[in-house]
Amino acid sequence: MQKTFANGMEEPSLGRGIGVAEVNIRRRLLALIDIFVNETDEDHQLSLQDIKEKLKLQFGPDYHVKDSVLREDLDAISQTLMSLTVNNGPHGKKYYSFQERLFERYELRMLIDAVVSARFITKKDAKRLISKIKKLASRHEAKKLNQNLYVEDTVKSESDTLKYDIDQLHNAISENKKVLFQYGTYDVNKKFVLHRDGEWYSVKPYSLIWYNDFYYLVGEYEKLGEVRHYRVDRMRRVTVKEETFKRPTINIGEYVKKSFQMFTGPEEWIELQVSNHLFNVMLDRFGLDINITQKNDDSFVFKTKAAMSDGLIGWLLSWGSDVKVLAPDALIERLKERTEKMYHLYHS
């Protein structure tokens, strides 16, 4: 049986025409790579004697290799496979380590935090991904990567096919191929119900976006010729068609900015009067390019384009009396209707 090392390489088997000495050299080099990847980093170095002891753990207590041969091995590894750091210790003793890794520890921690926080990743997949990410560090550094991030106890996806759907959609976007899928939502009985009696949606996919911990597909719904977005975890039976399309020029960032809470609707100019303490909040939402006019000592006014939708209504109401709509009149009327319903709900 072949042995697989942590770096993914396999111990070579005895094959016809390969001498025993040559096989031993290959095994030793693979073992050395495994030792440096897993046992060393900036804070953990090994002397030649340390390395010999670790080789004995793999090949048995009687295994022996000369210092001169081991130095040649380390030199060959450093020149061809991975750059080893050599430091001088007391009495000229040399210590070896592998430090030039692809990711810094803080980068690995950010990747793990993103995996833990993403609601579209199942618990099983999150555990598997985190285990793989930790293998990019030494075993000492991996212990420091234990998740210390507090994450709100939100619902994780239960779909085992979601990761494959995301991959299919990425491929379709890169190859300009149309996609087919069914779409639905859960009812009050927690049963997933397909929209329009299971009708298939044919879409020209433009981009995948990650918004509020969910993946969305932005593309043209062919039936109506409209640009729309769909939450990927609510898509079913995703299929990539062989039919290709010509991608139009579309600013995905602007599309997201105008689609409040990922609701769509007809675009209109809106004018808002906002309390000064929300100035940075508005900059975070709309960017530095918005044209602002000071209304008075307590508030400012600005205009922006937005999709007239329930998402916009909900976003505006979330700021209470700190945001007032000045235009258009149709939006003001919708807000009046919504606030009146809220008033009667609690005062009836």
# chains A, B, ... in the order shown; residues from 1 in each chain; ligands from 1
$ select_by_dssp --residues "stretch 35-229 of chain A" --states "helix (DSSP H, G or I)" --output "ChimeraX atom specification"
/A:35-39,48-59,67-80,90-92,105-117,123-134,139-143,162-175,195-198
$ atom_distance --atom1 "atom CA of A:Tyr216" --atom2 "atom CA of A:Trp319"
25.7 Å
$ residues_around --residues "A:Tyr96" --least-positions-apart "6" --cutoff "7 Å" --atoms "only C-alpha atoms" --output "list of chain:residue names"
A:Gln45, A:Leu46, A:Ser47, A:Leu84, A:Thr85, A:Val86, A:Asn87
$ write_last_selection --atoms "C-alpha atoms" --output "PDB file, in the first residue's frame"
ATOM      1  CA  GLN A  45      13.262  25.188  13.273  1.00  0.00           C
ATOM      2  CA  LEU A  46      15.065  21.859  13.125  1.00  0.00           C
ATOM      3  CA  SER A  47      18.723  20.907  13.425  1.00  0.00           C
ATOM      4  CA  LEU A  84      14.492  26.518   3.112  1.00  0.00           C
ATOM      5  CA  THR A  85      15.653  29.106   5.634  1.00  0.00           C
ATOM      6  CA  VAL A  86      18.947  28.337   7.377  1.00  0.00           C
ATOM      7  CA  ASN A  87      19.847  30.098  10.642  1.00  0.00           C
TER       8      ASN A  87
END
$ residues_around --residues "stretch 324-328 of chain A" --least-positions-apart "5" --cutoff "8 Å" --atoms "only C-alpha atoms" --output "MDAnalysis selection string"
chainID A and resid 269:274
$ write_last_selection --atoms "C-alpha atoms" --output "PDB file, in the first residue's frame"
ATOM      1  CA  TRP A 269     -34.343  59.449  -9.164  1.00  0.00           C
ATOM      2  CA  ILE A 270     -35.039  59.832  -5.455  1.00  0.00           C
ATOM      3  CA  GLU A 271     -34.224  62.800  -3.227  1.00  0.00           C
ATOM      4  CA  LEU A 272     -33.528  62.246   0.463  1.00  0.00           C
ATOM      5  CA  GLN A 273     -33.086  64.523   3.446  1.00  0.00           C
ATOM      6  CA  VAL A 274     -30.803  62.783   5.942  1.00  0.00           C
TER       7      VAL A 274
END
$ residues_around --residues "A:Arg285" --least-positions-apart "6" --cutoff "12 Å" --atoms "only C-alpha atoms" --output "PyMOL selection string"
chain A and resi 253-254+256-261+278-279+304+306+315
$ write_last_selection --atoms "C-alpha atoms" --output "mmCIF file, in the first residue's frame"
data_model
loop_
_atom_site.group_PDB
_atom_site.id
_atom_site.type_symbol
_atom_site.label_atom_id
_atom_site.label_comp_id
_atom_site.auth_asym_id
_atom_site.auth_seq_id
_atom_site.Cartn_x
_atom_site.Cartn_y
_atom_site.Cartn_z
ATOM 1 C CA GLY A 253 -21.637 47.385 -8.982
ATOM 2 C CA GLU A 254 -24.193 50.000 -10.045
ATOM 3 C CA VAL A 256 -26.295 46.167 -6.784
ATOM 4 C CA LYS A 257 -26.172 49.746 -5.474
ATOM 5 C CA LYS A 258 -29.620 50.495 -6.943
ATOM 6 C CA SER A 259 -31.199 47.193 -5.852
ATOM 7 C CA PHE A 260 -32.011 47.744 -2.181
ATOM 8 C CA GLN A 261 -32.000 44.515 -0.161
ATOM 9 C CA LEU A 278 -25.862 59.238 9.065
ATOM 10 C CA PHE A 279 -23.436 60.945 6.685
ATOM 11 C CA THR A 304 -29.552 59.074 -6.315
ATOM 12 C CA ALA A 306 -32.809 53.580 -7.071
ATOM 13 C CA TRP A 315 -34.566 50.307 3.843
#
$ atom_distance --atom1 "atom CA of A:Leu48" --atom2 "atom CA of A:Glu141"
22.0 Å
$ residues_around --residues "A:Met82" --least-positions-apart "5" --cutoff "12 Å" --atoms "only C-alpha atoms" --output "PyMOL selection string"
chain A and resi 29+32-34+36-37+73-77+97-102
$ closest_atom_pairs --of "stretch 212-286 of chain A" --to "stretch 115-139 of chain A" --cutoff "7 Å" --atoms "only C-alpha atoms" --output "JSON lines"
{"residue": "A:Asp213", "atom": "CA", "partner": "A:Ala118", "partner_atom": "CA", "distance": 5.1}
{"residue": "A:Phe214", "atom": "CA", "partner": "A:Phe120", "partner_atom": "CA", "distance": 5.9}
{"residue": "A:Asp233", "atom": "CA", "partner": "A:Phe120", "partner_atom": "CA", "distance": 7.0}
$ closest_residue --among "A:Val240, A:Val193, A:Leu208, A:Val203" --to "A:Glu226" --atoms "only C-alpha atoms"
A:Val203
$ closest_residue --among "A:Lys341, A:Lys190, A:Lys56, A:Arg236" --to "A:Tyr164" --atoms "only C-alpha atoms"
A:Arg236
$ atom_distance --atom1 "atom CA of A:Asp160" --atom2 "atom CA of A:Lys191"
17.1 Å
$ residues_around --residues "A:His170" --least-positions-apart "2" --cutoff "10 Å" --atoms "only C-alpha atoms" --output "mmCIF file with C-alpha atoms, in the first residue's frame"
data_model
loop_
_atom_site.group_PDB
_atom_site.id
_atom_site.type_symbol
_atom_site.label_atom_id
_atom_site.label_comp_id
_atom_site.auth_asym_id
_atom_site.auth_seq_id
_atom_site.Cartn_x
_atom_site.Cartn_y
_atom_site.Cartn_z
ATOM 1 C CA TYR A 164 -21.724 22.327 -7.619
ATOM 2 C CA ASP A 165 -24.374 24.801 -8.810
ATOM 3 C CA ILE A 166 -22.045 27.711 -8.004
ATOM 4 C CA ASP A 167 -19.228 26.030 -9.938
ATOM 5 C CA GLN A 168 -21.505 25.395 -12.929
ATOM 6 C CA ALA A 172 -21.294 29.296 -17.710
ATOM 7 C CA ILE A 173 -20.404 32.942 -17.067
ATOM 8 C CA SER A 174 -16.800 32.492 -18.186
ATOM 9 C CA GLU A 175 -17.892 30.655 -21.353
ATOM 10 C CA ASN A 176 -20.898 32.931 -22.136
ATOM 11 C CA PRO A 205 -25.738 34.739 -16.800
ATOM 12 C CA TYR A 206 -23.682 37.921 -16.355
ATOM 13 C CA SER A 207 -22.174 37.679 -12.890
ATOM 14 C CA LEU A 208 -22.306 36.012 -9.485
ATOM 15 C CA LEU A 217 -26.875 35.249 -10.055
#
$ select_by_dssp --residues "stretch 190-286 of chain A" --states "strand (DSSP E or B)" --output "PyMOL selection string"
chain A and resi 192-194+201-211+214-221+226-231+235-244+267-275
$ write_last_selection --atoms "N, CA and C atoms" --output "tab-separated table (two decimals), in the first residue's frame"
chain	number	residue	atom	x	y	z
A	192	PHE	N	-40.35	23.40	0.42
A	192	PHE	CA	-39.83	24.17	-0.71
A	192	PHE	C	-40.79	24.02	-1.89
A	193	VAL	N	-41.29	25.14	-2.39
A	193	VAL	CA	-42.28	25.15	-3.46
A	193	VAL	C	-41.70	25.86	-4.68
A	194	LEU	N	-41.73	25.20	-5.82
A	194	LEU	CA	-41.24	25.79	-7.06
A	194	LEU	C	-42.21	26.85	-7.56
A	201	TYR	N	-36.53	28.45	-15.99
A	201	TYR	CA	-36.05	29.80	-16.29
A	201	TYR	C	-34.83	29.69	-17.20
A	202	SER	N	-34.87	30.38	-18.33
A	202	SER	CA	-33.72	30.44	-19.23
A	202	SER	C	-33.08	31.81	-19.06
A	203	VAL	N	-31.81	31.82	-18.65
A	203	VAL	CA	-31.15	33.08	-18.27
A	203	VAL	C	-29.77	33.17	-18.94
A	204	LYS	N	-29.43	34.39	-19.39
A	204	LYS	CA	-28.07	34.69	-19.83
A	204	LYS	C	-27.30	35.17	-18.59
A	205	PRO	N	-26.40	34.37	-18.06
A	205	PRO	CA	-25.74	34.74	-16.80
A	205	PRO	C	-24.63	35.78	-17.01
A	206	TYR	N	-24.68	36.86	-16.24
A	206	TYR	CA	-23.68	37.92	-16.36
A	206	TYR	C	-22.64	37.87	-15.24
A	207	SER	N	-23.11	37.64	-14.01
A	207	SER	CA	-22.17	37.68	-12.89
A	207	SER	C	-22.78	37.00	-11.67
A	208	LEU	N	-21.91	36.48	-10.81
A	208	LEU	CA	-22.31	36.01	-9.49
A	208	LEU	C	-21.85	37.05	-8.48
A	209	ILE	N	-22.72	37.40	-7.55
A	209	ILE	CA	-22.34	38.33	-6.49
A	209	ILE	C	-22.63	37.70	-5.14
A	210	TRP	N	-21.86	38.12	-4.16
A	210	TRP	CA	-22.04	37.63	-2.79
A	210	TRP	C	-22.55	38.80	-1.97
A	211	TYR	N	-23.80	38.74	-1.54
A	211	TYR	CA	-24.44	39.85	-0.85
A	211	TYR	C	-25.13	39.32	0.39
A	214	PHE	N	-25.12	35.57	0.97
A	214	PHE	CA	-25.77	34.70	-0.01
A	214	PHE	C	-25.18	34.98	-1.39
A	215	TYR	N	-25.17	33.95	-2.24
A	215	TYR	CA	-24.80	34.10	-3.64
A	215	TYR	C	-26.04	34.47	-4.45
A	216	TYR	N	-25.86	35.43	-5.36
A	216	TYR	CA	-26.92	35.79	-6.30
A	216	TYR	C	-26.37	35.71	-7.72
A	217	LEU	N	-27.20	35.23	-8.64
A	217	LEU	CA	-26.87	35.25	-10.05
A	217	LEU	C	-27.56	36.45	-10.69
A	218	VAL	N	-26.79	37.29	-11.37
A	218	VAL	CA	-27.34	38.41	-12.12
A	218	VAL	C	-27.29	38.05	-13.59
A	219	GLY	N	-28.42	38.19	-14.27
A	219	GLY	CA	-28.46	37.85	-15.69
A	219	GLY	C	-29.76	38.29	-16.33
A	220	GLU	N	-29.85	38.07	-17.63
A	220	GLU	CA	-31.05	38.45	-18.37
A	220	GLU	C	-32.04	37.29	-18.43
A	221	TYR	N	-33.23	37.53	-17.89
A	221	TYR	CA	-34.33	36.56	-17.98
A	221	TYR	C	-34.87	36.63	-19.41
A	226	GLU	N	-35.38	41.01	-19.44
A	226	GLU	CA	-35.06	41.89	-18.32
A	226	GLU	C	-33.87	41.37	-17.54
A	227	VAL	N	-33.06	42.31	-17.03
A	227	VAL	CA	-31.96	41.92	-16.13
A	227	VAL	C	-32.54	41.72	-14.74
A	228	ARG	N	-32.30	40.54	-14.19
A	228	ARG	CA	-32.81	40.20	-12.87
A	228	ARG	C	-31.72	39.49	-12.07
A	229	HIS	N	-32.01	39.20	-10.81
A	229	HIS	CA	-31.08	38.40	-10.02
A	229	HIS	C	-31.85	37.31	-9.28
A	230	TYR	N	-31.15	36.23	-9.00
A	230	TYR	CA	-31.75	35.06	-8.38
A	230	TYR	C	-30.83	34.54	-7.28
A	231	ARG	N	-31.39	34.24	-6.12
A	231	ARG	CA	-30.58	33.67	-5.06
A	231	ARG	C	-30.25	32.22	-5.42
A	235	MET	N	-32.30	28.13	-6.31
A	235	MET	CA	-32.35	27.57	-7.65
A	235	MET	C	-32.28	26.05	-7.56
A	236	ARG	N	-32.93	25.37	-8.47
A	236	ARG	CA	-32.93	23.91	-8.49
A	236	ARG	C	-32.64	23.41	-9.91
A	237	ARG	N	-31.95	22.27	-9.97
A	237	ARG	CA	-31.64	21.59	-11.24
A	237	ARG	C	-30.94	22.53	-12.23
A	238	VAL	N	-29.91	23.17	-11.77
A	238	VAL	CA	-29.15	24.10	-12.63
A	238	VAL	C	-28.49	23.32	-13.76
A	239	THR	N	-28.71	23.79	-14.99
A	239	THR	CA	-28.16	23.13	-16.17
A	239	THR	C	-27.53	24.17	-17.09
A	240	VAL	N	-26.33	23.91	-17.56
A	240	VAL	CA	-25.66	24.81	-18.50
A	240	VAL	C	-25.98	24.36	-19.92
A	241	LYS	N	-26.51	25.27	-20.72
A	241	LYS	CA	-26.85	24.96	-22.11
A	241	LYS	C	-25.62	25.12	-23.00
A	242	GLU	N	-25.63	24.50	-24.14
A	242	GLU	CA	-24.54	24.67	-25.10
A	242	GLU	C	-24.67	25.99	-25.86
A	243	GLU	N	-25.87	26.57	-25.83
A	243	GLU	CA	-26.12	27.80	-26.56
A	243	GLU	C	-25.37	28.97	-25.91
A	244	THR	N	-24.64	29.73	-26.71
A	244	THR	CA	-23.87	30.86	-26.20
A	244	THR	C	-24.59	32.18	-26.50
A	267	GLU	N	-36.29	51.93	-12.27
A	267	GLU	CA	-35.36	52.91	-11.71
A	267	GLU	C	-35.95	54.32	-11.79
A	268	GLU	N	-35.76	55.08	-10.70
A	268	GLU	CA	-36.16	56.49	-10.66
A	268	GLU	C	-35.17	57.26	-9.81
A	269	TRP	N	-35.14	58.59	-10.02
A	269	TRP	CA	-34.34	59.45	-9.16
A	269	TRP	C	-35.11	59.68	-7.86
A	270	ILE	N	-34.43	59.52	-6.74
A	270	ILE	CA	-35.04	59.83	-5.46
A	270	ILE	C	-34.20	60.92	-4.77
A	271	GLU	N	-34.89	61.74	-3.97
A	271	GLU	CA	-34.22	62.80	-3.23
A	271	GLU	C	-34.48	62.59	-1.74
A	272	LEU	N	-33.42	62.56	-0.97
A	272	LEU	CA	-33.53	62.25	0.46
A	272	LEU	C	-32.95	63.37	1.31
A	273	GLN	N	-33.63	63.63	2.42
A	273	GLN	CA	-33.09	64.52	3.45
A	273	GLN	C	-32.66	63.64	4.62
A	274	VAL	N	-31.39	63.73	5.00
A	274	VAL	CA	-30.80	62.78	5.94
A	274	VAL	C	-30.14	63.52	7.10
A	275	SER	N	-30.30	63.01	8.31
A	275	SER	CA	-29.65	63.59	9.49
A	275	SER	C	-28.14	63.48	9.35
